[in-house]
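Okay, data26.tsv is below, TSV, C-alpha atoms and all ligand atoms:
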chain	number	residue	atom	x	y	z
A	1	MET	CA	-24.96	17.90	-11.98
A	2	ASN	CA	-25.84	14.56	-10.38
A	3	VAL	CA	-29.43	13.33	-10.26
A	4	ILE	CA	-31.28	10.45	-8.60
A	5	ILE	CA	-34.58	9.20	-9.91
A	6	PHE	CA	-36.42	6.56	-7.94
A	7	GLY	CA	-39.85	5.07	-7.45
A	8	PRO	CA	-41.58	1.67	-7.52
A	9	PRO	CA	-40.97	-0.80	-10.36
A	10	GLY	CA	-42.91	0.25	-13.44
A	11	ALA	CA	-43.00	3.93	-12.41
A	12	GLY	CA	-41.21	4.85	-15.62
A	13	LYS	CA	-37.83	5.64	-14.07
A	14	GLY	CA	-35.85	4.16	-16.96
A	15	THR	CA	-37.75	6.12	-19.60
A	16	GLN	CA	-37.41	9.39	-17.71
A	17	ALA	CA	-33.75	8.79	-16.86
A	18	LEU	CA	-32.92	8.14	-20.52
A	19	ASN	CA	-34.67	11.34	-21.57
A	20	ILE	CA	-32.87	13.44	-18.93
A	21	ALA	CA	-29.53	11.81	-19.75
A	22	LYS	CA	-29.91	12.79	-23.42
A	23	LYS	CA	-31.15	16.34	-22.82
A	24	PHE	CA	-28.64	17.23	-20.09
A	25	TYR	CA	-25.68	15.12	-21.33
A	26	LEU	CA	-25.60	12.84	-18.27
A	27	ASN	CA	-24.55	9.20	-17.93
A	28	GLN	CA	-27.49	6.98	-17.09
A	29	VAL	CA	-26.52	4.59	-14.30
A	30	SER	CA	-29.07	1.78	-14.05
A	31	THR	CA	-28.18	-0.88	-11.50
A	32	GLY	CA	-30.77	-3.14	-13.17
A	33	ASP	CA	-28.81	-2.86	-16.46
A	34	LEU	CA	-25.47	-3.31	-14.71
A	35	LEU	CA	-26.78	-6.46	-13.00
A	36	ARG	CA	-28.26	-7.82	-16.23
A	37	ASP	CA	-24.88	-7.23	-17.94
A	38	GLU	CA	-23.22	-9.41	-15.28
A	39	VAL	CA	-25.75	-12.16	-16.06
A	40	LYS	CA	-25.26	-11.78	-19.81
A	41	ASN	CA	-21.48	-11.87	-19.49
A	42	LYS	CA	-21.77	-14.95	-17.27
A	43	THR	CA	-19.47	-13.52	-14.60
A	44	ASP	CA	-19.18	-15.29	-11.23
A	45	ILE	CA	-21.65	-12.96	-9.54
A	46	GLY	CA	-23.82	-13.05	-12.68
A	47	LYS	CA	-24.85	-16.64	-11.93
A	48	ASP	CA	-26.17	-15.70	-8.46
A	49	ILE	CA	-27.84	-12.55	-9.75
A	50	GLU	CA	-29.85	-14.42	-12.38
A	51	ASN	CA	-31.82	-16.31	-9.71
A	52	ILE	CA	-32.23	-13.24	-7.52
A	53	ILE	CA	-33.68	-11.12	-10.33
A	54	SER	CA	-36.04	-13.78	-11.66
A	55	ASN	CA	-37.39	-14.37	-8.13
A	56	GLY	CA	-38.15	-10.67	-7.76
A	57	ASP	CA	-35.66	-10.31	-4.91
A	58	PHE	CA	-32.98	-7.65	-4.53
A	59	ALA	CA	-29.30	-8.14	-5.27
A	60	THR	CA	-27.15	-7.75	-2.15
A	61	ASP	CA	-25.95	-4.27	-1.25
A	62	GLU	CA	-22.39	-5.55	-1.46
A	63	ILE	CA	-22.73	-6.48	-5.14
A	64	VAL	CA	-24.55	-3.29	-6.06
A	65	ASN	CA	-22.17	-1.04	-4.14
A	66	GLU	CA	-19.20	-2.56	-5.91
A	67	LEU	CA	-20.74	-2.01	-9.35
A	68	ILE	CA	-21.64	1.58	-8.48
A	69	SER	CA	-18.28	2.61	-7.03
A	70	LYS	CA	-16.54	1.87	-10.35
A	71	ILE	CA	-18.79	4.42	-12.02
A	72	VAL	CA	-18.74	7.10	-9.33
A	73	PHE	CA	-14.93	7.18	-9.41
A	74	ASP	CA	-14.74	7.28	-13.21
A	75	PRO	CA	-13.31	10.77	-14.00
A	76	GLN	CA	-15.10	10.82	-17.38
A	77	LYS	CA	-18.47	10.51	-15.68
A	78	LYS	CA	-17.88	12.68	-12.64
A	79	ASN	CA	-20.69	15.17	-11.93
A	80	LYS	CA	-22.60	13.88	-14.96
A	81	LEU	CA	-24.55	11.05	-13.37
A	82	ILE	CA	-28.19	10.10	-13.30
A	83	PHE	CA	-28.93	7.16	-11.04
A	84	ASP	CA	-31.89	5.06	-12.11
A	85	GLY	CA	-33.07	2.26	-9.80
A	86	TYR	CA	-30.41	3.07	-7.23
A	87	PRO	CA	-30.25	3.52	-4.26
A	88	ARG	CA	-32.94	1.01	-3.35
A	89	SER	CA	-32.12	0.51	0.32
A	90	LEU	CA	-31.05	2.79	3.16
A	91	ASN	CA	-27.67	1.10	3.23
A	92	GLN	CA	-27.20	1.86	-0.49
A	93	ALA	CA	-28.26	5.50	0.01
A	94	LYS	CA	-25.75	5.96	2.83
A	95	ASN	CA	-23.04	4.21	0.83
A	96	LEU	CA	-23.69	6.53	-2.11
A	97	ASP	CA	-23.21	9.55	0.17
A	98	VAL	CA	-19.86	8.15	1.29
A	99	LEU	CA	-18.72	7.50	-2.31
A	100	LEU	CA	-19.80	10.96	-3.45
A	101	ASN	CA	-18.07	12.66	-0.51
A	102	LYS	CA	-14.86	10.77	-1.21
A	103	SER	CA	-14.94	11.85	-4.85
A	104	ASN	CA	-15.93	15.46	-4.10
A	105	GLN	CA	-19.37	15.17	-5.58
A	106	LYS	CA	-22.92	15.63	-4.36
A	107	ILE	CA	-26.47	14.96	-5.43
A	108	ASP	CA	-28.13	18.04	-6.94
A	109	PHE	CA	-31.64	16.74	-7.63
A	110	ILE	CA	-33.65	13.83	-6.24
A	111	PHE	CA	-36.89	12.86	-7.98
A	112	PHE	CA	-39.39	10.45	-6.52
A	113	LEU	CA	-41.86	9.15	-9.12
A	114	ASN	CA	-44.91	8.33	-7.07
A	115	VAL	CA	-47.29	6.00	-8.85
A	116	LYS	CA	-50.31	3.88	-7.84
A	117	LYS	CA	-50.00	0.10	-7.68
A	118	ASP	CA	-52.82	-0.29	-10.26
A	119	THR	CA	-51.01	1.91	-12.77
A	120	ILE	CA	-47.79	-0.04	-12.30
A	121	ILE	CA	-49.47	-3.39	-12.88
A	122	LYS	CA	-51.15	-2.13	-16.06
A	123	ARG	CA	-47.92	-0.65	-17.41
A	124	ILE	CA	-45.76	-3.69	-16.75
A	125	LYS	CA	-48.35	-6.03	-18.26
A	126	LYS	CA	-48.30	-3.88	-21.38
A	127	ARG	CA	-44.48	-3.76	-21.43
A	128	SER	CA	-44.36	-7.59	-21.40
A	129	PHE	CA	-45.82	-7.60	-24.88
A	130	LEU	CA	-43.23	-5.17	-26.16
A	131	GLU	CA	-40.00	-6.50	-24.72
A	132	LYS	CA	-39.63	-9.79	-22.94
A	133	ARG	CA	-37.90	-9.52	-19.63
A	134	ALA	CA	-37.56	-12.64	-17.46
A	135	ASP	CA	-38.86	-10.71	-14.45
A	136	ASP	CA	-42.00	-9.39	-16.17
A	137	ASN	CA	-44.71	-11.81	-15.06
A	138	LEU	CA	-47.50	-10.74	-12.75
A	139	SER	CA	-46.49	-12.61	-9.60
A	140	THR	CA	-42.94	-11.30	-9.96
A	141	ILE	CA	-44.29	-7.80	-10.47
A	142	LEU	CA	-46.28	-7.98	-7.25
A	143	LYS	CA	-43.34	-9.46	-5.39
A	144	ARG	CA	-41.11	-6.70	-6.72
A	145	TYR	CA	-43.64	-4.10	-5.61
A	146	ASP	CA	-43.77	-5.54	-2.09
A	147	THR	CA	-39.99	-5.86	-1.87
A	148	TYR	CA	-39.79	-2.27	-3.04
A	149	MET	CA	-42.23	-1.03	-0.42
A	150	GLU	CA	-40.42	-2.86	2.36
A	151	THR	CA	-36.86	-2.00	1.40
A	152	THR	CA	-37.10	1.31	-0.40
A	153	LYS	CA	-39.54	3.12	1.88
A	154	PRO	CA	-36.66	4.06	4.24
A	155	VAL	CA	-34.86	5.56	1.21
A	156	LEU	CA	-37.86	7.79	0.60
A	157	ASP	CA	-37.88	8.87	4.26
A	158	PHE	CA	-34.14	9.54	4.06
A	159	TYR	CA	-34.29	11.69	0.90
A	160	SER	CA	-37.59	13.44	1.52
A	161	LYS	CA	-35.87	15.62	4.13
A	162	ASN	CA	-33.36	16.84	1.55
A	163	PRO	CA	-34.01	20.37	0.16
A	164	ASN	CA	-33.31	19.02	-3.36
A	165	PHE	CA	-36.08	16.42	-3.11
A	166	TYR	CA	-38.99	16.59	-5.59
A	167	GLU	CA	-41.99	14.29	-5.60
A	168	ILE	CA	-43.48	13.86	-9.08
A	169	ASP	CA	-46.91	12.42	-9.82
A	170	GLY	CA	-45.98	9.31	-11.84
A	171	ASP	CA	-49.59	8.62	-12.88
A	172	GLN	CA	-49.34	11.43	-15.44
A	173	LYS	CA	-48.49	10.84	-19.10
A	174	ILE	CA	-44.82	10.24	-19.91
A	175	HIS	CA	-44.38	13.60	-21.67
A	176	GLU	CA	-46.07	15.46	-18.79
A	177	ILE	CA	-43.67	13.88	-16.32
A	178	SER	CA	-40.70	14.69	-18.57
A	179	SER	CA	-41.62	18.34	-18.91
A	180	LYS	CA	-42.12	18.71	-15.15
A	181	ILE	CA	-38.67	17.23	-14.48
A	182	GLU	CA	-36.99	19.28	-17.22
A	183	GLN	CA	-38.54	22.44	-15.84
A	184	ILE	CA	-37.04	21.76	-12.41
A	185	LEU	CA	-33.62	20.85	-13.84
A	186	SER	CA	-33.49	23.95	-16.03
A	187	VAL	CA	-33.88	26.48	-13.20
B	1	LIG	P1	-34.74	-2.63	-12.64
B	1	LIG	O1	-34.23	-2.80	-14.03
B	1	LIG	O2	-34.24	-1.35	-12.01
B	1	LIG	O3	-36.22	-2.76	-12.55
B	1	LIG	O4	-34.12	-3.82	-11.78
B	1	LIG	C1	-34.38	-5.18	-12.07
B	1	LIG	C2	-33.99	-6.06	-10.89
B	1	LIG	O5	-32.58	-5.91	-10.61
B	1	LIG	C3	-34.66	-5.70	-9.56
B	1	LIG	O6	-35.91	-6.29	-9.42
B	1	LIG	C4	-33.66	-6.25	-8.56
B	1	LIG	O7	-33.75	-7.65	-8.46
B	1	LIG	C5	-32.34	-5.93	-9.22
B	1	LIG	N1	-31.84	-4.57	-8.83
B	1	LIG	C6	-31.75	-3.46	-9.62
B	1	LIG	N2	-31.23	-2.42	-8.95
B	1	LIG	C7	-30.98	-2.87	-7.70
B	1	LIG	C8	-30.44	-2.27	-6.53
B	1	LIG	N3	-30.06	-0.97	-6.50
B	1	LIG	N4	-30.33	-3.04	-5.42
B	1	LIG	C9	-30.69	-4.34	-5.42
B	1	LIG	N5	-31.20	-4.97	-6.48
B	1	LIG	C10	-31.35	-4.25	-7.62
Translate the structure described by the file into structure tokens.
Amino acid sequence: MNVIIFGPPGAGKGTQALNIAKKFYLNQVSTGDLLRDEVKNKTDIGKDIENIISNGDFATDEIVNELISKIVFDPQKKNKLIFDGYPRSLNQAKNLDVLLNKSNQKIDFIFFLNVKKDTIIKRIKKRSFLEKRADDNLSTILKRYDTYMETTKPVLDFYSKNPNFYEIDGDQKIHEISSKIEQILSV
């Protein structure tokens, strides 16, 4: 089974994806983590990515698509994928369809965590105290939210027509969201 979980920054995608990955033995594919690894490992693209992430902008589709294709074609991970924070643009969503088709896979469940801007701001502010991420200051948060709304809205329109699309109320408590998702995945 392959799953996509998406929603605005701070919606709790990472937490939910990790939980689902553990319970259903899936590989969590976070493009945010993959990009941060490039920065940490000081690769050529890592140097460009560092500025992009700290400005609250998006990495180019070209970079992200390249990182993702390595994983989609990995036979060990085939049909055991949960995408977290990807796709974030219509181009990425269409590219994912192409990669999945080529590797004889499909998406079985798509979850959209819908959450209010106020809730997101509160959560990210709180997270800043727990773990320091370079992109966790308020102006970056708001920029990320706006970038998200501009670029990812077409992804929502694209997937919301899919029969496997589920919108989840992301303002609920973490465990309430988890149980809702698990219930859907267990059917
Ligand atoms: P995340 O950990 O998912 O919140 O991502 C952190 C940052 O990495 C984002 O604000 C973007 O700058 C970048 N990023 C993560 N995933 C993508 C993606 N699919 N496309 C473009 N940029 C991304």
Worksheet entry | Expected selection as a ChimeraX atom specification for ligand LIG 1 (chain B) within 8 Å, only C-alpha atoms and all ligand atoms | /A:9-10,14,30-33,35-36,49,52-61,64,84-89,92,135,144
May I have the selected residues written with C-alpha atoms, as a PDB file, keeping the file's coordinate frame?
ATOM      1  CA  PRO A   9     -40.970  -0.800 -10.360  1.00  0.00           C
ATOM      2  CA  GLY A  10     -42.910   0.250 -13.440  1.00  0.00           C
ATOM      3  CA  GLY A  14     -35.850   4.160 -16.960  1.00  0.00           C
ATOM      4  CA  SER A  30     -29.070   1.780 -14.050  1.00  0.00           C
ATOM      5  CA  THR A  31     -28.180  -0.880 -11.500  1.00  0.00           C
ATOM      6  CA  GLY A  32     -30.770  -3.140 -13.170  1.00  0.00           C
ATOM      7  CA  ASP A  33     -28.810  -2.860 -16.460  1.00  0.00           C
ATOM      8  CA  LEU A  35     -26.780  -6.460 -13.000  1.00  0.00           C
ATOM      9  CA  ARG A  36     -28.260  -7.820 -16.230  1.00  0.00           C
ATOM     10  CA  ILE A  49     -27.840 -12.550  -9.750  1.00  0.00           C
ATOM     11  CA  ILE A  52     -32.230 -13.240  -7.520  1.00  0.00           C
ATOM     12  CA  ILE A  53     -33.680 -11.120 -10.330  1.00  0.00           C
ATOM     13  CA  SER A  54     -36.040 -13.780 -11.660  1.00  0.00           C
ATOM     14  CA  ASN A  55     -37.390 -14.370  -8.130  1.00  0.00           C
ATOM     15  CA  GLY A  56     -38.150 -10.670  -7.760  1.00  0.00           C
ATOM     16  CA  ASP A  57     -35.660 -10.310  -4.910  1.00  0.00           C
ATOM     17  CA  PHE A  58     -32.980  -7.650  -4.530  1.00  0.00           C
ATOM     18  CA  ALA A  59     -29.300  -8.140  -5.270  1.00  0.00           C
ATOM     19  CA  THR A  60     -27.150  -7.750  -2.150  1.00  0.00           C
ATOM     20  CA  ASP A  61     -25.950  -4.270  -1.250  1.00  0.00           C
ATOM     21  CA  VAL A  64     -24.550  -3.290  -6.060  1.00  0.00           C
ATOM     22  CA  ASP A  84     -31.890   5.060 -12.110  1.00  0.00           C
ATOM     23  CA  GLY A  85     -33.070   2.260  -9.800  1.00  0.00           C
ATOM     24  CA  TYR A  86     -30.410   3.070  -7.230  1.00  0.00           C
ATOM     25  CA  PRO A  87     -30.250   3.520  -4.260  1.00  0.00           C
ATOM     26  CA  ARG A  88     -32.940   1.010  -3.350  1.00  0.00           C
ATOM     27  CA  SER A  89     -32.120   0.510   0.320  1.00  0.00           C
ATOM     28  CA  GLN A  92     -27.200   1.860  -0.490  1.00  0.00           C
ATOM     29  CA  ASP A 135     -38.860 -10.710 -14.450  1.00  0.00           C
ATOM     30  CA  ARG A 144     -41.110  -6.700  -6.720  1.00  0.00           C
TER      31      ARG A 144
END
Item to complete: Tell me which protein, DNA and RNA residues are within 10 Å of A:Lys13, counting all atoms listed in the file, leaving out same-chain ones fewer than 2 positions away, and put them as a ChimeraX atom specification.
Response: /A:4-11,15-19,30,83-85,111-113,170
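Using only C-alpha atoms, the smallest distance between any of A:Gln105, A:Thr119, A:Asn164, A:Gln183 and A:Met1 comes from A:Gln105.
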Discussion item. Please determine, counting all atoms listed in the file, which residue among A:His175, A:Lys125, A:Leu90, A:Val72 has the shortest atom-to-atom distance to A:Lys106.
Written reply: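 Among A:His175, A:Lys125, A:Leu90, A:Val72, it is A:Val72 that comes nearest to A:Lys106.
Separating atom CA of A:Lys161 from atom CA of A:Ile110 is a distance of 10.8 Å.
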Practice prompt. Find the distance between atom CA of A:Phe158 and atom CA of A:Ile20 and write it in Å to one decimal.
Written response: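 Between atom CA of A:Phe158 and atom CA of A:Ile20 the gap works out to 23.4 Å.
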